[in-house]
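*Asks:* My file is final-v2.cif. It has mmCIF, C-alpha atoms:
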```
data_input
loop_
_atom_site.label_atom_id
_atom_site.label_comp_id
_atom_site.auth_asym_id
_atom_site.auth_seq_id
_atom_site.Cartn_x
_atom_site.Cartn_y
_atom_site.Cartn_z
CA MET W 1 -6.90 56.42 -166.32
CA SER W 2 -7.72 53.07 -167.82
CA PRO W 3 -8.88 50.23 -165.54
CA ARG W 4 -5.94 48.09 -166.63
CA LEU W 5 -3.42 50.80 -165.66
CA ALA W 6 -5.16 51.26 -162.30
CA ILE W 7 -4.88 47.51 -161.59
CA VAL W 8 -1.18 47.45 -162.55
CA LEU W 9 -0.46 50.49 -160.36
CA GLY W 10 -2.42 48.99 -157.45
CA VAL W 11 -0.56 45.66 -157.69
CA SER W 12 2.74 47.51 -157.97
CA LEU W 13 1.92 49.60 -154.90
CA ILE W 14 0.97 46.51 -152.85
CA LEU W 15 4.08 44.66 -153.98
CA ASN W 16 6.36 47.59 -153.15
CA VAL W 17 4.82 48.04 -149.70
CA PHE W 18 5.21 44.30 -149.09
CA LEU W 19 8.87 44.30 -150.19
CA VAL W 20 9.74 47.38 -148.14
CA GLY W 21 8.05 45.85 -145.09
CA LEU W 22 9.87 42.58 -145.68
CA GLY W 23 13.21 44.39 -145.93
CA ILE W 24 12.62 46.41 -142.78
CA GLY W 25 11.40 43.34 -140.91
CA ALA W 26 14.47 41.34 -141.93
CA TRP W 27 16.74 44.19 -140.91
CA VAL W 28 15.10 44.58 -137.49
CA THR W 29 14.81 40.88 -136.63
CA GLY W 30 18.19 40.08 -138.14
CA ALA W 31 19.82 42.46 -135.68
CA ARG W 32 18.12 40.61 -132.82
CA LEU W 33 18.95 37.13 -134.09
CA VAL W 34 22.71 37.73 -134.10
CA PRO W 35 24.04 37.98 -130.53
CA ALA W 36 26.67 40.63 -129.86
CA GLN W 37 29.26 37.96 -129.07
CA ALA W 38 28.84 36.38 -132.51
CA ALA W 39 29.79 39.65 -134.15
CA ARG W 40 33.12 39.74 -132.29
CA ARG W 41 36.08 37.85 -133.60
CA PRO W 42 36.83 34.92 -131.27
CA ALA W 43 40.08 35.05 -129.35
CA PRO W 44 42.83 32.72 -130.52
CA ASN W 45 42.67 29.43 -128.63
CA ILE W 46 46.09 29.74 -126.99
CA TRP W 47 45.40 33.32 -125.92
CA ALA W 48 41.97 32.50 -124.50
CA ALA W 49 43.33 29.40 -122.78
CA GLY W 50 45.75 31.62 -120.86
CA ASP W 51 42.74 33.01 -118.98
CA ALA W 52 42.72 29.73 -117.00
CA LEU W 53 46.05 30.66 -115.37
CA PRO W 54 46.41 32.63 -112.11
CA PRO W 55 46.42 36.40 -112.77
CA ALA W 56 50.18 36.99 -112.48
CA GLU W 57 50.99 33.95 -114.60
CA ARG W 58 48.27 34.87 -117.11
CA ASP W 59 49.77 38.34 -117.56
CA ALA W 60 53.26 36.91 -118.13
CA PHE W 61 51.84 34.33 -120.52
CA HIS W 62 49.97 36.96 -122.54
CA GLN W 63 53.09 39.15 -122.59
CA MET W 64 55.12 36.26 -124.00
CA LEU W 65 52.50 35.69 -126.71
CA ARG W 66 52.46 39.41 -127.57
CA GLU W 67 56.26 39.44 -127.92
CA ARG W 68 56.23 36.37 -130.17
CA ALA W 69 53.42 37.84 -132.28
CA GLN W 70 55.43 41.03 -132.74
CA ALA W 71 58.48 39.01 -133.69
CA VAL W 72 56.62 37.26 -136.52
CA GLN W 73 54.91 40.43 -137.81
CA PRO W 74 57.39 40.89 -140.70
CA GLU W 75 56.72 37.34 -141.82
CA LEU W 76 52.96 37.83 -141.54
CA LYS W 77 53.30 40.99 -143.61
CA SER W 78 54.93 38.95 -146.38
CA VAL W 79 52.08 36.43 -146.06
CA ARG W 80 49.56 39.23 -146.64
CA LEU W 81 51.58 40.47 -149.61
CA ALA W 82 51.64 36.96 -151.10
CA ARG W 83 47.85 36.71 -150.71
CA ARG W 84 47.41 40.10 -152.37
CA GLU W 85 49.68 38.97 -155.18
CA ALA W 86 47.56 35.82 -155.60
CA ALA W 87 44.39 37.93 -155.66
CA ALA W 88 45.90 40.22 -158.30
CA LEU W 89 46.96 37.22 -160.38
CA ILE W 90 43.50 35.68 -160.11
CA SER W 91 41.87 38.82 -161.46
CA GLN W 92 44.21 39.07 -164.47
CA PRO W 93 42.65 38.47 -167.90
CA ASN W 94 45.24 35.76 -168.61
CA TYR W 95 44.91 33.43 -165.64
CA ASP W 96 48.12 31.59 -164.70
CA PRO W 97 47.31 28.77 -162.26
CA THR W 98 51.00 28.07 -161.62
CA ALA W 99 51.74 31.63 -160.54
CA VAL W 100 48.62 31.74 -158.35
CA GLY W 101 49.57 28.39 -156.79
CA GLN W 102 53.09 29.62 -156.06
CA ALA W 103 51.84 32.82 -154.42
CA LEU W 104 49.36 30.85 -152.30
CA GLN W 105 52.08 28.35 -151.38
CA ARG W 106 54.37 31.18 -150.21
CA ALA W 107 51.51 32.56 -148.11
CA ARG W 108 50.74 29.13 -146.64
CA GLU W 109 54.40 28.36 -145.84
CA GLY W 110 54.92 31.77 -144.22
CA GLU W 111 51.78 31.38 -142.15
CA MET W 112 52.78 27.90 -141.00
CA HIS W 113 56.28 29.10 -140.11
CA ALA W 114 54.89 32.03 -138.09
CA ARG W 115 52.45 29.71 -136.36
CA GLY W 116 55.31 27.32 -135.59
CA GLU W 117 57.30 30.15 -134.00
CA ILE W 118 54.39 30.98 -131.71
CA ASP W 119 53.76 27.31 -130.92
CA ASP W 120 57.46 26.79 -130.08
CA ALA W 121 57.41 29.77 -127.70
CA PHE W 122 54.20 28.41 -126.17
CA SER W 123 55.59 24.93 -125.58
CA GLY W 124 58.80 26.37 -124.14
CA TYR W 125 56.83 28.59 -121.78
CA LEU W 126 54.93 25.58 -120.42
CA SER W 127 58.12 24.10 -118.94
CA HIS W 128 58.08 26.48 -115.97
CA LEU W 129 54.37 26.01 -115.15
CA THR W 130 53.26 23.66 -112.40
CA PRO W 131 51.43 20.47 -113.41
CA PRO W 132 48.06 21.87 -112.20
CA GLU W 133 48.62 25.07 -114.22
CA ARG W 134 49.50 23.05 -117.32
CA ALA W 135 46.40 20.89 -116.78
CA ALA W 136 44.18 23.98 -116.45
CA LEU W 137 45.71 25.44 -119.61
CA ALA W 138 45.21 22.17 -121.51
CA GLU W 139 41.57 21.96 -120.41
CA ALA W 140 40.98 25.57 -121.43
CA MET W 141 42.52 24.92 -124.85
CA VAL W 142 40.08 22.07 -125.46
CA ARG W 143 37.16 24.09 -124.12
CA ASN W 144 38.03 27.08 -126.33
CA ARG W 145 38.08 25.13 -129.57
CA PRO W 146 35.49 26.22 -132.13
CA ALA W 147 32.26 24.24 -131.71
CA GLY W 148 32.55 22.50 -135.09
CA LEU W 149 36.07 21.34 -134.26
CA ARG W 150 34.99 20.11 -130.82
CA LYS W 151 32.33 17.94 -132.47
CA ALA W 152 34.75 16.67 -135.09
CA VAL W 153 37.56 15.67 -132.73
CA GLY W 154 35.66 15.10 -129.50
CA ALA W 155 35.70 17.13 -126.33
CA THR W 156 38.94 15.71 -124.93
CA GLY W 157 40.97 14.69 -127.92
CA PRO W 158 41.09 13.45 -131.48
CA ALA W 159 38.43 11.11 -132.74
CA PRO W 160 39.53 7.55 -133.45
CA SER W 161 40.79 7.16 -136.97
CA ALA W 162 38.53 5.41 -139.44
CA PRO W 163 39.65 1.99 -140.70
#
```
Starting from the coordinates I provided, produce the structure as structure tokens.

*Replies:*
Amino acid sequence: MSPRLAIVLGVSLILNVFLVGLGIGAWVTGARLVPAQAARRPAPNIWAAGDALPPAERDAFHQMLRERAQAVQPELKSVRLARREAAALISQPNYDPTAVGQALQRAREGEMHARGEIDDAFSGYLSHLTPPERAALAEAMVRNRPAGLRKAVGATGPAPSAP
């Protein structure tokens, strides 16, 4: 074996061992750096806020949200279909921005309508809660906002508008 080939093989061996070690190290430490809670999908704000209610009221509140969510399932299915249609249109060889925009608009409108249905049921449900229960629910809604949103709008409400 020539000395040059031996050097190339030695450098290759060292590099491969280094890369394998780096990959294994990243895999092991990466698993430790991500807490188990971060891997879970966060609960919707309204749902999680219901945990601030007394147990019996919380159960009724969650039942109401489940029923409303089931009622809007057909609409959410059409939202998913519109998104799939947009994805299919995007991957076509002849891209049509108008068709993609229309599919995305249908998805957005359906999602907003479904969200409005749930929000309307939520606001109607609040009418039979006591003022302290409504206050606890409101506080929990603010507390359960995603951290980035809390910073953007403040802990208790929207940030003042810029001039």

*Asks:* Between atom CA of W:Glu109 and atom CA of W:Ala71, what is the distance in Å, rounded to a tenth?

*Replies:* 16.7 Å

*Asks:* Excluding stretch 137-141 of chain W and any residue of its chain fewer than 4 positions from it, enumerate the residues within 8 Å of it, using all atoms listed in the file, and give them as a list in words.

*Replies:*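 My reading of the contact set: Asn45, Ile46, Ala48, Ala49, Gly50, Ala52, Leu53, Glu133 and Arg145 of chain W.
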
*Asks:* Evaluate the PyMOL selection byres ((chain W and resi 79-81) around 9) against this structure - the residues, as a PyMOL selection string, please.

*Replies:* chain W and resi 74-78+82-86+104+106-111

*Asks:* What's around W:Pro54 at 12 Å? Count only C-alpha atoms, leave out sequence neighbours fewer than 2 positions away in its own chain, and write the answer as number ranges by chain.

*Replies:* W: 49-52, 56-62, 129-130, 132-134, 136-137

*Asks:* I need the output of the PyMOL selection byres ((chain W and resi 121-124) around 9) for this file as a list in words; which residues are they?

*Replies:*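 Answer for the PyMOL selection byres ((chain W and resi 121-124) around 9): Ile46, Phe61, Met64, Leu65, Arg68, Gly116, Glu117, Ile118, Asp119, Asp120, Tyr125, Leu126, Ser127 and His128 of chain W.
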
*Asks:* Just to confirm, what's the straight-line distance from atom CA of W:Trp47 to atom CA of W:Ala69 in Å (one decimal)?

*Replies:* 11.2 Å

*Asks:* Figure out the distance between atom CA of W:Ile7 and atom CA of W:Val20, please, to one decimal in Å.

*Replies:* 19.9 Å

*Asks:* Go through W:Arg143, W:Gln73, W:Gln92, W:Gln102 and flag the residue nearest W:Ala114, using all atoms listed in the file for the distances.

*Replies:* W:Gln73

*Asks:* For all heavy atoms, please extract stretch 84-99 of chain W from the block and return it as an mmCIF file, in the first residue's frame.

*Replies:*
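Below is the file result-v2.cif, written as the result:
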```cif
data_model
loop_
_atom_site.group_PDB
_atom_site.id
_atom_site.type_symbol
_atom_site.label_atom_id
_atom_site.label_comp_id
_atom_site.auth_asym_id
_atom_site.auth_seq_id
_atom_site.Cartn_x
_atom_site.Cartn_y
_atom_site.Cartn_z
ATOM 1 N N ARG W 84 -55.670 20.430 0.757
ATOM 2 C CA ARG W 84 -55.084 19.379 -0.097
ATOM 3 C C ARG W 84 -55.159 19.786 -1.564
ATOM 4 O O ARG W 84 -54.234 19.534 -2.326
ATOM 5 C CB ARG W 84 -55.804 18.059 0.134
ATOM 6 C CG ARG W 84 -55.424 17.399 1.425
ATOM 7 C CD ARG W 84 -56.010 16.001 1.527
ATOM 8 N NE ARG W 84 -55.819 15.513 2.869
ATOM 9 C CZ ARG W 84 -56.787 15.049 3.638
ATOM 10 N NH1 ARG W 84 -58.017 14.967 3.192
ATOM 11 N NH2 ARG W 84 -56.527 14.636 4.861
ATOM 12 N N GLU W 85 -56.283 20.396 -1.941
ATOM 13 C CA GLU W 85 -56.424 20.862 -3.315
ATOM 14 C C GLU W 85 -55.350 21.904 -3.619
ATOM 15 O O GLU W 85 -54.724 21.869 -4.675
ATOM 16 C CB GLU W 85 -57.812 21.466 -3.530
ATOM 17 C CG GLU W 85 -58.025 22.013 -4.923
ATOM 18 C CD GLU W 85 -59.359 22.741 -5.068
ATOM 19 O OE1 GLU W 85 -60.228 22.605 -4.187
ATOM 20 O OE2 GLU W 85 -59.504 23.460 -6.069
ATOM 21 N N ALA W 86 -55.140 22.841 -2.683
ATOM 22 C CA ALA W 86 -54.104 23.863 -2.877
ATOM 23 C C ALA W 86 -52.736 23.202 -3.009
ATOM 24 O O ALA W 86 -51.937 23.585 -3.876
ATOM 25 C CB ALA W 86 -54.112 24.863 -1.723
ATOM 26 N N ALA W 87 -52.448 22.224 -2.177
ATOM 27 C CA ALA W 87 -51.156 21.534 -2.248
ATOM 28 C C ALA W 87 -50.993 20.835 -3.595
ATOM 29 O O ALA W 87 -49.919 20.864 -4.194
ATOM 30 C CB ALA W 87 -51.029 20.536 -1.108
ATOM 31 N N ALA W 88 -52.065 20.209 -4.074
ATOM 32 C CA ALA W 88 -51.998 19.540 -5.376
ATOM 33 C C ALA W 88 -51.770 20.557 -6.491
ATOM 34 O O ALA W 88 -50.993 20.307 -7.416
ATOM 35 C CB ALA W 88 -53.279 18.746 -5.622
ATOM 36 N N LEU W 89 -52.442 21.695 -6.391
ATOM 37 C CA LEU W 89 -52.269 22.735 -7.412
ATOM 38 C C LEU W 89 -50.855 23.322 -7.383
ATOM 39 O O LEU W 89 -50.299 23.645 -8.426
ATOM 40 C CB LEU W 89 -53.302 23.845 -7.215
ATOM 41 C CG LEU W 89 -54.748 23.474 -7.534
ATOM 42 C CD1 LEU W 89 -55.706 24.539 -7.025
ATOM 43 C CD2 LEU W 89 -54.914 23.268 -9.034
ATOM 44 N N ILE W 90 -50.293 23.446 -6.206
ATOM 45 C CA ILE W 90 -48.946 23.995 -6.078
ATOM 46 C C ILE W 90 -47.928 23.077 -6.745
ATOM 47 O O ILE W 90 -46.975 23.542 -7.366
ATOM 48 C CB ILE W 90 -48.588 24.205 -4.584
ATOM 49 C CG1 ILE W 90 -49.396 25.378 -4.027
ATOM 50 C CG2 ILE W 90 -47.102 24.432 -4.385
ATOM 51 C CD1 ILE W 90 -49.331 25.513 -2.516
ATOM 52 N N SER W 91 -48.146 21.775 -6.644
ATOM 53 C CA SER W 91 -47.175 20.833 -7.192
ATOM 54 C C SER W 91 -47.375 20.554 -8.684
ATOM 55 O O SER W 91 -46.615 19.783 -9.254
ATOM 56 C CB SER W 91 -47.211 19.532 -6.395
ATOM 57 O OG SER W 91 -48.471 18.924 -6.527
ATOM 58 N N GLN W 92 -48.371 21.151 -9.311
ATOM 59 C CA GLN W 92 -48.599 20.956 -10.737
ATOM 60 C C GLN W 92 -47.488 21.608 -11.556
ATOM 61 O O GLN W 92 -46.946 22.639 -11.159
ATOM 62 C CB GLN W 92 -49.941 21.573 -11.159
ATOM 63 C CG GLN W 92 -51.152 20.885 -10.581
ATOM 64 C CD GLN W 92 -51.302 19.474 -11.097
ATOM 65 O OE1 GLN W 92 -51.127 19.205 -12.274
ATOM 66 N NE2 GLN W 92 -51.594 18.560 -10.184
ATOM 67 N N PRO W 93 -47.161 21.053 -12.703
ATOM 68 C CA PRO W 93 -46.120 21.663 -13.550
ATOM 69 C C PRO W 93 -46.501 23.078 -14.018
ATOM 70 O O PRO W 93 -45.650 23.956 -14.091
ATOM 71 C CB PRO W 93 -46.003 20.721 -14.737
ATOM 72 C CG PRO W 93 -46.706 19.470 -14.354
ATOM 73 C CD PRO W 93 -47.642 19.794 -13.244
ATOM 74 N N ASN W 94 -47.781 23.272 -14.303
ATOM 75 C CA ASN W 94 -48.253 24.598 -14.711
ATOM 76 C C ASN W 94 -48.921 25.254 -13.520
ATOM 77 O O ASN W 94 -50.101 25.047 -13.255
ATOM 78 C CB ASN W 94 -49.246 24.495 -15.879
ATOM 79 C CG ASN W 94 -48.603 23.908 -17.114
ATOM 80 O OD1 ASN W 94 -47.427 24.130 -17.366
ATOM 81 N ND2 ASN W 94 -49.367 23.144 -17.869
ATOM 82 N N TYR W 95 -48.156 26.065 -12.806
ATOM 83 C CA TYR W 95 -48.641 26.702 -11.577
ATOM 84 C C TYR W 95 -49.668 27.771 -11.908
ATOM 85 O O TYR W 95 -49.436 28.639 -12.741
ATOM 86 C CB TYR W 95 -47.454 27.303 -10.824
ATOM 87 C CG TYR W 95 -47.863 28.076 -9.598
ATOM 88 C CD1 TYR W 95 -48.387 27.418 -8.496
ATOM 89 C CD2 TYR W 95 -47.726 29.453 -9.541
ATOM 90 C CE1 TYR W 95 -48.769 28.116 -7.372
ATOM 91 C CE2 TYR W 95 -48.098 30.162 -8.417
ATOM 92 C CZ TYR W 95 -48.615 29.490 -7.335
ATOM 93 O OH TYR W 95 -48.993 30.190 -6.224
ATOM 94 N N ASP W 96 -50.823 27.723 -11.234
ATOM 95 C CA ASP W 96 -51.886 28.708 -11.403
ATOM 96 C C ASP W 96 -52.108 29.418 -10.071
ATOM 97 O O ASP W 96 -52.808 28.904 -9.190
ATOM 98 C CB ASP W 96 -53.168 28.012 -11.866
ATOM 99 C CG ASP W 96 -54.305 28.986 -12.129
ATOM 100 O OD1 ASP W 96 -54.121 30.211 -11.940
ATOM 101 O OD2 ASP W 96 -55.387 28.505 -12.526
ATOM 102 N N PRO W 97 -51.516 30.601 -9.893
ATOM 103 C CA PRO W 97 -51.628 31.294 -8.606
ATOM 104 C C PRO W 97 -53.067 31.638 -8.242
ATOM 105 O O PRO W 97 -53.423 31.651 -7.062
ATOM 106 C CB PRO W 97 -50.771 32.545 -8.770
ATOM 107 C CG PRO W 97 -50.521 32.684 -10.216
ATOM 108 C CD PRO W 97 -50.719 31.348 -10.851
ATOM 109 N N THR W 98 -53.915 31.892 -9.226
ATOM 110 C CA THR W 98 -55.305 32.229 -8.946
ATOM 111 C C THR W 98 -56.033 31.034 -8.336
ATOM 112 O O THR W 98 -56.746 31.170 -7.339
ATOM 113 C CB THR W 98 -56.023 32.691 -10.226
ATOM 114 O OG1 THR W 98 -55.294 33.792 -10.777
ATOM 115 C CG2 THR W 98 -57.446 33.111 -9.957
ATOM 116 N N ALA W 99 -55.856 29.864 -8.916
ATOM 117 C CA ALA W 99 -56.514 28.663 -8.406
ATOM 118 C C ALA W 99 -56.002 28.321 -7.001
ATOM 119 O O ALA W 99 -56.789 27.954 -6.122
ATOM 120 C CB ALA W 99 -56.294 27.493 -9.356
#
```
